[in-house]
>>> print(open('input_29.cif').read())   # mmCIF, C-alpha atoms, pLDDT in the B column; chains and numbers go by the auth columns
data_target
#
loop_
_atom_site.group_PDB
_atom_site.id
_atom_site.type_symbol
_atom_site.label_atom_id
_atom_site.label_comp_id
_atom_site.label_asym_id
_atom_site.label_seq_id
_atom_site.Cartn_x
_atom_site.Cartn_y
_atom_site.Cartn_z
_atom_site.B_iso_or_equiv
_atom_site.auth_seq_id
_atom_site.auth_asym_id
ATOM 1 C CA MET A 1 60.090 52.869 112.737 97.00 1 O
ATOM 2 C CA ARG A 2 62.462 55.706 111.919 98.00 2 O
ATOM 3 C CA LEU A 3 64.542 57.569 114.428 98.00 3 O
ATOM 4 C CA LEU A 4 66.736 60.599 113.854 98.00 4 O
ATOM 5 C CA LEU A 5 69.240 60.909 116.705 98.00 5 O
ATOM 6 C CA GLN A 6 71.111 64.115 117.427 98.00 6 O
ATOM 7 C CA LYS A 7 73.775 64.235 120.144 97.00 7 O
ATOM 8 C CA VAL A 8 73.274 67.520 121.994 97.00 8 O
ATOM 9 C CA SER A 9 74.777 69.589 124.765 96.00 9 O
ATOM 10 C CA GLN A 10 71.292 70.977 125.491 98.00 10 O
ATOM 11 C CA ALA A 11 67.788 70.925 124.011 98.00 11 O
ATOM 12 C CA SER A 12 64.223 71.966 124.731 98.00 12 O
ATOM 13 C CA VAL A 13 60.712 71.631 123.314 98.00 13 O
ATOM 14 C CA SER A 14 58.000 74.279 123.491 98.00 14 O
ATOM 15 C CA VAL A 15 54.316 74.189 122.627 98.00 15 O
ATOM 16 C CA ASP A 16 52.425 77.483 122.280 97.00 16 O
ATOM 17 C CA ASP A 17 55.504 79.364 123.556 95.00 17 O
ATOM 18 C CA GLN A 18 55.540 77.280 126.756 97.00 18 O
ATOM 19 C CA GLU A 19 58.528 75.018 127.403 98.00 19 O
ATOM 20 C CA VAL A 20 57.283 71.473 128.016 98.00 20 O
ATOM 21 C CA ALA A 21 60.644 69.674 128.306 98.00 21 O
ATOM 22 C CA SER A 22 64.374 70.321 128.365 98.00 22 O
ATOM 23 C CA ILE A 23 67.584 68.348 128.775 98.00 23 O
ATOM 24 C CA GLY A 24 71.293 68.930 129.145 97.00 24 O
ATOM 25 C CA SER A 25 73.844 66.618 127.569 96.00 25 O
ATOM 26 C CA GLY A 26 72.284 63.669 125.748 97.00 26 O
ATOM 27 C CA TYR A 27 70.228 62.834 122.681 98.00 27 O
ATOM 28 C CA VAL A 28 67.271 64.419 120.950 98.00 28 O
ATOM 29 C CA LEU A 29 65.360 61.544 119.383 98.00 29 O
ATOM 30 C CA PHE A 30 62.928 62.400 116.601 98.00 30 O
ATOM 31 C CA LEU A 31 60.698 59.311 116.310 98.00 31 O
ATOM 32 C CA GLY A 32 58.581 58.491 113.283 98.00 32 O
ATOM 33 C CA VAL A 33 56.188 55.560 113.653 98.00 33 O
ATOM 34 C CA MET A 34 55.379 53.899 110.345 98.00 34 O
ATOM 35 C CA GLU A 35 52.379 51.822 109.315 97.00 35 O
ATOM 36 C CA GLY A 36 52.989 48.229 110.474 97.00 36 O
ATOM 37 C CA ASP A 37 55.593 49.063 113.138 98.00 37 O
ATOM 38 C CA THR A 38 55.696 46.859 116.228 97.00 38 O
ATOM 39 C CA GLU A 39 56.687 46.983 119.871 97.00 39 O
ATOM 40 C CA GLY A 40 59.645 44.741 119.000 97.00 40 O
ATOM 41 C CA GLN A 41 61.036 47.472 116.753 98.00 41 O
ATOM 42 C CA ALA A 42 60.579 50.033 119.524 98.00 42 O
ATOM 43 C CA GLU A 43 62.404 47.747 121.946 98.00 43 O
ATOM 44 C CA TRP A 44 65.324 47.221 119.559 98.00 44 O
ATOM 45 C CA LEU A 45 65.671 50.976 118.968 98.00 45 O
ATOM 46 C CA ALA A 46 65.465 51.791 122.695 98.00 46 O
ATOM 47 C CA GLN A 47 68.212 49.275 123.502 98.00 47 O
ATOM 48 C CA LYS A 48 70.362 50.533 120.624 98.00 48 O
ATOM 49 C CA VAL A 49 69.978 54.180 121.665 98.00 49 O
ATOM 50 C CA ALA A 50 70.820 53.448 125.310 98.00 50 O
ATOM 51 C CA LYS A 51 73.988 51.519 124.434 97.00 51 O
ATOM 52 C CA LEU A 52 75.192 53.448 121.390 96.00 52 O
ATOM 53 C CA ARG A 53 78.693 54.794 122.068 94.00 53 O
ATOM 54 C CA LEU A 54 78.990 58.361 120.795 94.00 54 O
ATOM 55 C CA TRP A 55 81.018 60.037 123.567 90.00 55 O
ATOM 56 C CA GLU A 56 84.738 59.898 124.065 85.00 56 O
ATOM 57 C CA SER A 57 86.270 58.498 127.206 79.00 57 O
ATOM 58 C CA PRO A 58 88.040 60.923 129.532 75.00 58 O
ATOM 59 C CA GLY A 59 91.641 61.727 128.698 65.00 59 O
ATOM 60 C CA GLY A 60 94.359 60.134 130.754 60.00 60 O
ATOM 61 C CA PRO A 61 96.720 61.876 133.163 61.00 61 O
ATOM 62 C CA PRO A 62 99.368 64.197 131.707 64.00 62 O
ATOM 63 C CA ASP A 63 102.450 62.485 130.303 68.00 63 O
ATOM 64 C CA PRO A 64 105.923 63.405 131.634 73.00 64 O
ATOM 65 C CA HIS A 65 105.882 66.483 129.368 72.00 65 O
ATOM 66 C CA GLY A 66 102.560 67.719 130.788 67.00 66 O
ATOM 67 C CA ILE A 67 100.526 66.820 127.683 65.00 67 O
ATOM 68 C CA VAL A 68 97.034 65.438 128.334 58.00 68 O
ATOM 69 C CA ARG A 69 95.995 62.904 125.706 62.00 69 O
ATOM 70 C CA ALA A 70 92.417 62.843 124.515 65.00 70 O
ATOM 71 C CA GLY A 71 90.311 59.812 125.336 65.00 71 O
ATOM 72 C CA LYS A 72 89.018 57.261 122.867 72.00 72 O
ATOM 73 C CA ILE A 73 86.381 58.538 120.479 74.00 73 O
ATOM 74 C CA ASN A 74 83.018 56.720 120.491 84.00 74 O
ATOM 75 C CA ASP A 75 83.870 54.895 123.693 85.00 75 O
ATOM 76 C CA ARG A 76 81.024 55.803 126.075 91.00 76 O
ATOM 77 C CA SER A 77 77.252 55.425 125.905 95.00 77 O
ATOM 78 C CA LEU A 78 74.323 57.395 127.253 95.00 78 O
ATOM 79 C CA LEU A 79 74.155 54.839 130.083 96.00 79 O
ATOM 80 C CA ASP A 80 77.853 55.335 130.906 93.00 80 O
ATOM 81 C CA LEU A 81 77.357 59.096 131.174 92.00 81 O
ATOM 82 C CA GLY A 82 73.982 59.152 132.877 94.00 82 O
ATOM 83 C CA GLY A 83 72.906 61.345 129.955 93.00 83 O
ATOM 84 C CA SER A 84 69.416 62.441 129.010 97.00 84 O
ATOM 85 C CA ALA A 85 67.044 61.752 126.139 98.00 85 O
ATOM 86 C CA LEU A 86 64.405 64.057 124.707 98.00 86 O
ATOM 87 C CA VAL A 87 61.902 62.159 122.530 98.00 87 O
ATOM 88 C CA VAL A 88 59.932 64.117 119.945 98.00 88 O
ATOM 89 C CA SER A 89 57.211 62.518 117.812 98.00 89 O
ATOM 90 C CA GLN A 90 57.736 63.372 114.155 97.00 90 O
ATOM 91 C CA PHE A 91 55.440 61.765 111.604 95.00 91 O
ATOM 92 C CA THR A 92 57.196 63.696 108.822 96.00 92 O
ATOM 93 C CA LEU A 93 60.039 61.136 109.048 97.00 93 O
ATOM 94 C CA ALA A 94 57.621 58.870 107.157 96.00 94 O
ATOM 95 C CA GLY A 95 57.457 61.380 104.321 96.00 95 O
ATOM 96 C CA ASN A 96 58.255 60.405 100.758 96.00 96 O
ATOM 97 C CA ALA A 97 59.237 63.257 98.431 95.00 97 O
ATOM 98 C CA GLU A 98 60.238 61.191 95.391 95.00 98 O
ATOM 99 C CA GLN A 99 57.164 62.163 93.351 94.00 99 O
ATOM 100 C CA GLY A 100 56.024 65.747 92.857 93.00 100 O
ATOM 101 C CA ASN A 101 56.681 68.651 95.193 95.00 101 O
ATOM 102 C CA ARG A 102 54.420 67.732 98.076 95.00 102 O
ATOM 103 C CA PRO A 103 55.628 64.950 100.417 96.00 103 O
ATOM 104 C CA ASP A 104 53.428 61.892 100.780 96.00 104 O
ATOM 105 C CA TYR A 105 52.903 60.824 104.420 96.00 105 O
ATOM 106 C CA THR A 106 50.748 57.750 103.801 96.00 106 O
ATOM 107 C CA ALA A 107 53.487 55.495 105.260 97.00 107 O
ATOM 108 C CA ALA A 108 53.031 57.121 108.677 97.00 108 O
ATOM 109 C CA ALA A 109 51.016 55.184 111.228 98.00 109 O
ATOM 110 C CA ARG A 110 47.659 56.644 112.195 97.00 110 O
ATOM 111 C CA PRO A 111 47.725 58.580 115.496 97.00 111 O
ATOM 112 C CA GLU A 112 45.754 55.894 117.381 97.00 112 O
ATOM 113 C CA VAL A 113 48.507 53.392 116.478 97.00 113 O
ATOM 114 C CA ALA A 114 51.514 55.729 116.605 98.00 114 O
ATOM 115 C CA LYS A 115 50.861 57.319 120.005 98.00 115 O
ATOM 116 C CA PRO A 116 50.906 54.050 122.007 98.00 116 O
ATOM 117 C CA LEU A 117 54.149 52.989 120.254 98.00 117 O
ATOM 118 C CA TYR A 118 55.683 56.421 120.901 98.00 118 O
ATOM 119 C CA GLU A 119 54.740 56.153 124.591 98.00 119 O
ATOM 120 C CA ARG A 120 56.018 52.574 124.723 98.00 120 O
ATOM 121 C CA PHE A 121 59.358 53.669 123.219 98.00 121 O
ATOM 122 C CA ILE A 122 59.705 56.250 126.013 98.00 122 O
ATOM 123 C CA ALA A 123 58.970 53.578 128.640 98.00 123 O
ATOM 124 C CA LEU A 124 61.442 51.176 126.993 98.00 124 O
ATOM 125 C CA LEU A 125 64.196 53.823 127.108 98.00 125 O
ATOM 126 C CA ARG A 126 63.611 54.139 130.839 98.00 126 O
ATOM 127 C CA SER A 127 63.600 50.338 131.211 97.00 127 O
ATOM 128 C CA ALA A 128 66.914 50.224 129.341 97.00 128 O
ATOM 129 C CA GLY A 129 68.419 52.372 132.093 97.00 129 O
ATOM 130 C CA VAL A 130 68.218 55.895 130.660 97.00 130 O
ATOM 131 C CA GLN A 131 67.473 57.821 133.834 91.00 131 O
ATOM 132 C CA ASN A 132 66.305 61.166 132.456 96.00 132 O
ATOM 133 C CA VAL A 133 63.824 60.745 129.600 98.00 133 O
ATOM 134 C CA SER A 134 61.770 63.780 128.621 98.00 134 O
ATOM 135 C CA HIS A 135 59.387 64.158 125.709 98.00 135 O
ATOM 136 C CA GLY A 136 57.425 66.562 123.611 97.00 136 O
ATOM 137 C CA SER A 137 53.644 66.585 123.144 97.00 137 O
ATOM 138 C CA PHE A 138 52.451 63.933 120.700 97.00 138 O
ATOM 139 C CA GLY A 139 50.638 65.486 117.737 94.00 139 O
ATOM 140 C CA ALA A 140 51.297 69.087 118.767 96.00 140 O
ATOM 141 C CA MET A 141 53.022 71.770 116.736 97.00 141 O
ATOM 142 C CA MET A 142 56.320 71.994 118.614 98.00 142 O
ATOM 143 C CA GLN A 143 59.329 74.259 118.520 98.00 143 O
ATOM 144 C CA VAL A 144 62.507 72.283 119.153 98.00 144 O
ATOM 145 C CA SER A 145 65.693 74.104 120.134 98.00 145 O
ATOM 146 C CA LEU A 146 68.943 72.214 120.335 98.00 146 O
ATOM 147 C CA VAL A 147 72.695 72.571 120.305 98.00 147 O
ATOM 148 C CA ASN A 148 74.037 69.674 118.249 96.00 148 O
ATOM 149 C CA ASP A 149 77.256 68.406 119.837 94.00 149 O
ATOM 150 C CA GLY A 150 79.888 67.355 117.334 88.00 150 O
ATOM 151 C CA PRO A 151 77.813 67.674 115.210 92.00 151 O
ATOM 152 C CA VAL A 152 76.613 64.099 115.498 94.00 152 O
ATOM 153 C CA THR A 153 73.399 63.053 113.726 96.00 153 O
ATOM 154 C CA LEU A 154 72.382 59.472 112.928 97.00 154 O
ATOM 155 C CA MET A 155 69.358 58.077 111.076 98.00 155 O
ATOM 156 C CA MET A 156 68.236 54.712 112.426 97.00 156 O
ATOM 157 C CA GLU A 157 65.509 52.478 111.088 95.00 157 O
ATOM 158 C CA ARG A 158 64.149 49.165 112.246 90.00 158 O
#
>>> encode(input="input_29.cif", output="structure tokens")
Amino acid sequence: MRLLLQKVSQASVSVDDQEVASIGSGYVLFLGVMEGDTEGQAEWLAQKVAKLRLWESPGGPPDPHGIVRAGKINDRSLLDLGGSALVVSQFTLAGNAEQGNRPDYTAAARPEVAKPLYERFIALLRSAGVQNVSHGSFGAMMQVSLVNDGPVTLMMER
């Protein structure tokens, strides 16, 4: 299972020029389900995403000279902030472009296997305490708009 995480200040997904989901501050999670992936992998990734610390803590009070110090970097998680997650299915994360000029997607799970794991990942994020979980439309051609915050982008695989 491959997951591309982007920390965002806002994001949305549209299908056929109709917005189907949007979030404010949080993560856009592009999820690629690979042949042989399991619910255990989805659970591990959901827990990791919920607890991953990518936000800084608030700065402290001004010092005697009126200077406000920044908080600690990578000190707060999505759970700490009450942030949002937008999950987008993306089978192209299974692509292999090592040979030739056309990517090979044979490592991607078939839709009848991938969709239940995608839906289970969404449910596991909610179970992990992420309060606002939105998602795109599995298998649809989607337009994803986002403002990457940082920028912060991580590739995770389990």
>>> resolve_selection(input="input_29.cif", expression="the PyMOL selection byres ((chain O and resi 109-115) around 7)", output="list in words")
Val33, Met34, Glu35, Ala107, Ala108, Pro116, Leu117, Tyr118, Glu119 and Phe138 of chain O
>>> resolve_selection(input="input_29.cif", expression="the PyMOL selection byres ((chain O and resi 135) around 12)", output="PyMOL selection string")
chain O and resi 11-15+19-23+27-31+84-90+118-119+121-123+125+132-134+136-140+142+144
>>> resolve_selection(input="input_29.cif", expression="the PyMOL selection byres ((chain O and resi 52) around 12)", output="JSON, numbers by chain")
{"O": [5, 7, 26, 27, 44, 45, 46, 47, 48, 49, 50, 51, 53, 54, 55, 56, 74, 75, 76, 77, 78, 79, 80, 81, 83, 128, 130, 154, 156]}
>>> closest_residue(input="input_29.cif", among="O:Val8, O:Ala42, O:Met141, O:Leu3", to="Ala94 in chain O", atoms="all atoms listed in the file")
O:Leu3
>>> closest_residue(input="input_29.cif", among="O:Gly24, O:Pro103, O:Pro64, O:Gly32", to="Leu146 in chain O", atoms="all atoms listed in the file")
O:Gly24
>>> closest_residue(input="input_29.cif", among="O:Gln41, O:Gln131, O:Asn101, O:Ser145", to="Gly82 in chain O", atoms="all atoms listed in the file")
O:Gln131
>>> atom_distance(input="input_29.cif", atom1="CA of Val152 in chain O", atom2="CA of Thr92 in chain O")
20.5 Å
>>> atom_distance(input="input_29.cif", atom1="CA of Asn148 in chain O", atom2="CA of Ser57 in chain O")
18.8 Å
>>> atom_distance(input="input_29.cif", atom1="CA of Ala97 in chain O", atom2="CA of Val147 in chain O")
27.3 Å
>>> decode(input="input_29.cif", residues="range 95-145 of chain O", atoms="N, CA and C atoms", output="PDB file, in the first residue's frame")
ATOM      1  N   GLY O  95       2.384   2.527 -10.296  1.00  0.00           N
ATOM      2  CA  GLY O  95       3.053   2.520 -11.599  1.00  0.00           C
ATOM      3  C   GLY O  95       4.547   2.270 -11.515  1.00  0.00           C
ATOM      4  N   ASN O  96       5.052   1.582 -12.515  1.00  0.00           N
ATOM      5  CA  ASN O  96       6.479   1.316 -12.648  1.00  0.00           C
ATOM      6  C   ASN O  96       6.902   1.836 -14.015  1.00  0.00           C
ATOM      7  N   ALA O  97       7.812   2.817 -14.025  1.00  0.00           N
ATOM      8  CA  ALA O  97       8.249   3.423 -15.282  1.00  0.00           C
ATOM      9  C   ALA O  97       9.711   3.105 -15.587  1.00  0.00           C
ATOM     10  N   GLU O  98      10.224   2.014 -15.023  1.00  0.00           N
ATOM     11  CA  GLU O  98      11.629   1.665 -15.237  1.00  0.00           C
ATOM     12  C   GLU O  98      11.910   1.187 -16.656  1.00  0.00           C
ATOM     13  N   GLN O  99      10.949   0.511 -17.272  1.00  0.00           N
ATOM     14  CA  GLN O  99      11.130  -0.016 -18.624  1.00  0.00           C
ATOM     15  C   GLN O  99      10.265   0.766 -19.596  1.00  0.00           C
ATOM     16  N   GLY O 100      10.822   1.178 -20.705  1.00  0.00           N
ATOM     17  CA  GLY O 100      10.055   1.845 -21.751  1.00  0.00           C
ATOM     18  C   GLY O 100       9.537   3.213 -21.330  1.00  0.00           C
ATOM     19  N   ASN O 101       8.584   3.708 -22.095  1.00  0.00           N
ATOM     20  CA  ASN O 101       8.039   5.045 -21.872  1.00  0.00           C
ATOM     21  C   ASN O 101       6.593   5.049 -21.407  1.00  0.00           C
ATOM     22  N   ARG O 102       6.026   3.873 -21.256  1.00  0.00           N
ATOM     23  CA  ARG O 102       4.656   3.761 -20.789  1.00  0.00           C
ATOM     24  C   ARG O 102       4.670   3.046 -19.445  1.00  0.00           C
ATOM     25  N   PRO O 103       4.162   3.693 -18.373  1.00  0.00           N
ATOM     26  CA  PRO O 103       4.183   3.038 -17.056  1.00  0.00           C
ATOM     27  C   PRO O 103       3.397   1.731 -17.057  1.00  0.00           C
ATOM     28  N   ASP O 104       3.864   0.815 -16.249  1.00  0.00           N
ATOM     29  CA  ASP O 104       3.227  -0.487 -16.066  1.00  0.00           C
ATOM     30  C   ASP O 104       2.474  -0.444 -14.735  1.00  0.00           C
ATOM     31  N   TYR O 105       1.181  -0.692 -14.755  1.00  0.00           N
ATOM     32  CA  TYR O 105       0.343  -0.628 -13.550  1.00  0.00           C
ATOM     33  C   TYR O 105      -0.093  -1.999 -13.063  1.00  0.00           C
ATOM     34  N   THR O 106       0.602  -3.052 -13.478  1.00  0.00           N
ATOM     35  CA  THR O 106       0.173  -4.403 -13.097  1.00  0.00           C
ATOM     36  C   THR O 106       0.296  -4.658 -11.602  1.00  0.00           C
ATOM     37  N   ALA O 107       1.064  -3.857 -10.867  1.00  0.00           N
ATOM     38  CA  ALA O 107       1.189  -4.041  -9.416  1.00  0.00           C
ATOM     39  C   ALA O 107      -0.024  -3.499  -8.660  1.00  0.00           C
ATOM     40  N   ALA O 108      -0.856  -2.730  -9.329  1.00  0.00           N
ATOM     41  CA  ALA O 108      -2.056  -2.181  -8.684  1.00  0.00           C
ATOM     42  C   ALA O 108      -3.084  -3.278  -8.457  1.00  0.00           C
ATOM     43  N   ALA O 109      -3.744  -3.201  -7.318  1.00  0.00           N
ATOM     44  CA  ALA O 109      -4.818  -4.168  -7.028  1.00  0.00           C
ATOM     45  C   ALA O 109      -5.998  -3.918  -7.960  1.00  0.00           C
ATOM     46  N   ARG O 110      -6.699  -4.972  -8.288  1.00  0.00           N
ATOM     47  CA  ARG O 110      -7.901  -4.849  -9.118  1.00  0.00           C
ATOM     48  C   ARG O 110      -8.951  -4.045  -8.349  1.00  0.00           C
ATOM     49  N   PRO O 111      -9.824  -3.330  -9.049  1.00  0.00           N
ATOM     50  CA  PRO O 111     -10.808  -2.472  -8.377  1.00  0.00           C
ATOM     51  C   PRO O 111     -11.655  -3.197  -7.331  1.00  0.00           C
ATOM     52  N   GLU O 112     -12.025  -4.447  -7.575  1.00  0.00           N
ATOM     53  CA  GLU O 112     -12.873  -5.172  -6.616  1.00  0.00           C
ATOM     54  C   GLU O 112     -12.122  -5.484  -5.314  1.00  0.00           C
ATOM     55  N   VAL O 113     -10.802  -5.439  -5.345  1.00  0.00           N
ATOM     56  CA  VAL O 113      -9.981  -5.620  -4.147  1.00  0.00           C
ATOM     57  C   VAL O 113      -9.610  -4.261  -3.557  1.00  0.00           C
ATOM     58  N   ALA O 114      -9.250  -3.321  -4.425  1.00  0.00           N
ATOM     59  CA  ALA O 114      -8.762  -2.014  -3.983  1.00  0.00           C
ATOM     60  C   ALA O 114      -9.853  -1.160  -3.328  1.00  0.00           C
ATOM     61  N   LYS O 115     -11.056  -1.176  -3.878  1.00  0.00           N
ATOM     62  CA  LYS O 115     -12.105  -0.306  -3.340  1.00  0.00           C
ATOM     63  C   LYS O 115     -12.442  -0.629  -1.881  1.00  0.00           C
ATOM     64  N   PRO O 116     -12.645  -1.907  -1.515  1.00  0.00           N
ATOM     65  CA  PRO O 116     -12.917  -2.190  -0.101  1.00  0.00           C
ATOM     66  C   PRO O 116     -11.772  -1.770   0.835  1.00  0.00           C
ATOM     67  N   LEU O 117     -10.510  -1.915   0.388  1.00  0.00           N
ATOM     68  CA  LEU O 117      -9.385  -1.491   1.223  1.00  0.00           C
ATOM     69  C   LEU O 117      -9.308   0.033   1.326  1.00  0.00           C
ATOM     70  N   TYR O 118      -9.609   0.715   0.247  1.00  0.00           N
ATOM     71  CA  TYR O 118      -9.689   2.182   0.241  1.00  0.00           C
ATOM     72  C   TYR O 118     -10.766   2.649   1.232  1.00  0.00           C
ATOM     73  N   GLU O 119     -11.945   2.043   1.155  1.00  0.00           N
ATOM     74  CA  GLU O 119     -13.034   2.402   2.069  1.00  0.00           C
ATOM     75  C   GLU O 119     -12.689   2.047   3.515  1.00  0.00           C
ATOM     76  N   ARG O 120     -12.007   0.933   3.705  1.00  0.00           N
ATOM     77  CA  ARG O 120     -11.598   0.530   5.052  1.00  0.00           C
ATOM     78  C   ARG O 120     -10.577   1.507   5.614  1.00  0.00           C
ATOM     79  N   PHE O 121      -9.644   1.972   4.789  1.00  0.00           N
ATOM     80  CA  PHE O 121      -8.659   2.970   5.219  1.00  0.00           C
ATOM     81  C   PHE O 121      -9.362   4.238   5.709  1.00  0.00           C
ATOM     82  N   ILE O 122     -10.374   4.676   5.000  1.00  0.00           N
ATOM     83  CA  ILE O 122     -11.146   5.863   5.405  1.00  0.00           C
ATOM     84  C   ILE O 122     -11.790   5.614   6.768  1.00  0.00           C
ATOM     85  N   ALA O 123     -12.409   4.464   6.947  1.00  0.00           N
ATOM     86  CA  ALA O 123     -13.036   4.122   8.229  1.00  0.00           C
ATOM     87  C   ALA O 123     -12.003   4.040   9.346  1.00  0.00           C
ATOM     88  N   LEU O 124     -10.827   3.492   9.047  1.00  0.00           N
ATOM     89  CA  LEU O 124      -9.765   3.378  10.057  1.00  0.00           C
ATOM     90  C   LEU O 124      -9.221   4.738  10.466  1.00  0.00           C
ATOM     91  N   LEU O 125      -9.160   5.689   9.532  1.00  0.00           N
ATOM     92  CA  LEU O 125      -8.755   7.060   9.889  1.00  0.00           C
ATOM     93  C   LEU O 125      -9.735   7.649  10.892  1.00  0.00           C
ATOM     94  N   ARG O 126     -11.022   7.448  10.627  1.00  0.00           N
ATOM     95  CA  ARG O 126     -12.040   7.944  11.560  1.00  0.00           C
ATOM     96  C   ARG O 126     -11.917   7.251  12.913  1.00  0.00           C
ATOM     97  N   SER O 127     -11.693   5.946  12.904  1.00  0.00           N
ATOM     98  CA  SER O 127     -11.521   5.190  14.154  1.00  0.00           C
ATOM     99  C   SER O 127     -10.297   5.653  14.932  1.00  0.00           C
ATOM    100  N   ALA O 128      -9.282   6.130  14.216  1.00  0.00           N
ATOM    101  CA  ALA O 128      -8.057   6.610  14.853  1.00  0.00           C
ATOM    102  C   ALA O 128      -8.249   7.986  15.480  1.00  0.00           C
ATOM    103  N   GLY O 129      -9.420   8.589  15.257  1.00  0.00           N
ATOM    104  CA  GLY O 129      -9.720   9.870  15.887  1.00  0.00           C
ATOM    105  C   GLY O 129      -9.706  11.073  14.973  1.00  0.00           C
ATOM    106  N   VAL O 130      -9.443  10.875  13.681  1.00  0.00           N
ATOM    107  CA  VAL O 130      -9.494  12.002  12.738  1.00  0.00           C
ATOM    108  C   VAL O 130     -10.963  12.326  12.516  1.00  0.00           C
ATOM    109  N   GLN O 131     -11.364  13.514  12.958  1.00  0.00           N
ATOM    110  CA  GLN O 131     -12.791  13.845  12.992  1.00  0.00           C
ATOM    111  C   GLN O 131     -13.386  14.181  11.634  1.00  0.00           C
ATOM    112  N   ASN O 132     -12.625  14.863  10.781  1.00  0.00           N
ATOM    113  CA  ASN O 132     -13.153  15.273   9.487  1.00  0.00           C
ATOM    114  C   ASN O 132     -12.392  14.542   8.385  1.00  0.00           C
ATOM    115  N   VAL O 133     -12.973  13.457   7.890  1.00  0.00           N
ATOM    116  CA  VAL O 133     -12.370  12.688   6.805  1.00  0.00           C
ATOM    117  C   VAL O 133     -13.291  12.770   5.596  1.00  0.00           C
ATOM    118  N   SER O 134     -12.779  13.360   4.532  1.00  0.00           N
ATOM    119  CA  SER O 134     -13.507  13.454   3.269  1.00  0.00           C
ATOM    120  C   SER O 134     -12.793  12.579   2.247  1.00  0.00           C
ATOM    121  N   HIS O 135     -13.429  12.358   1.106  1.00  0.00           N
ATOM    122  CA  HIS O 135     -12.792  11.512   0.104  1.00  0.00           C
ATOM    123  C   HIS O 135     -13.299  11.833  -1.285  1.00  0.00           C
ATOM    124  N   GLY O 136     -12.496  11.432  -2.245  1.00  0.00           N
ATOM    125  CA  GLY O 136     -12.881  11.561  -3.640  1.00  0.00           C
ATOM    126  C   GLY O 136     -13.798  10.421  -4.041  1.00  0.00           C
ATOM    127  N   SER O 137     -13.964  10.229  -5.350  1.00  0.00           N
ATOM    128  CA  SER O 137     -14.812   9.163  -5.884  1.00  0.00           C
ATOM    129  C   SER O 137     -13.924   8.073  -6.456  1.00  0.00           C
ATOM    130  N   PHE O 138     -13.951   6.904  -5.845  1.00  0.00           N
ATOM    131  CA  PHE O 138     -13.090   5.797  -6.261  1.00  0.00           C
ATOM    132  C   PHE O 138     -13.300   5.508  -7.742  1.00  0.00           C
ATOM    133  N   GLY O 139     -12.198   5.441  -8.486  1.00  0.00           N
ATOM    134  CA  GLY O 139     -12.243   5.067  -9.897  1.00  0.00           C
ATOM    135  C   GLY O 139     -12.621   6.176 -10.853  1.00  0.00           C
ATOM    136  N   ALA O 140     -12.992   7.340 -10.345  1.00  0.00           N
ATOM    137  CA  ALA O 140     -13.404   8.439 -11.215  1.00  0.00           C
ATOM    138  C   ALA O 140     -12.202   9.254 -11.667  1.00  0.00           C
ATOM    139  N   MET O 141     -12.362   9.942 -12.782  1.00  0.00           N
ATOM    140  CA  MET O 141     -11.375  10.949 -13.187  1.00  0.00           C
ATOM    141  C   MET O 141     -11.659  12.171 -12.315  1.00  0.00           C
ATOM    142  N   MET O 142     -10.685  12.536 -11.501  1.00  0.00           N
ATOM    143  CA  MET O 142     -10.872  13.618 -10.527  1.00  0.00           C
ATOM    144  C   MET O 142      -9.905  14.759 -10.798  1.00  0.00           C
ATOM    145  N   GLN O 143     -10.333  15.948 -10.448  1.00  0.00           N
ATOM    146  CA  GLN O 143      -9.466  17.112 -10.445  1.00  0.00           C
ATOM    147  C   GLN O 143      -9.229  17.466  -8.983  1.00  0.00           C
ATOM    148  N   VAL O 144      -7.972  17.447  -8.577  1.00  0.00           N
ATOM    149  CA  VAL O 144      -7.609  17.728  -7.192  1.00  0.00           C
ATOM    150  C   VAL O 144      -6.917  19.081  -7.155  1.00  0.00           C
ATOM    151  N   SER O 145      -7.445  19.974  -6.325  1.00  0.00           N
ATOM    152  CA  SER O 145      -6.826  21.285  -6.114  1.00  0.00           C
ATOM    153  C   SER O 145      -6.354  21.328  -4.677  1.00  0.00           C
TER     154      SER O 145
END
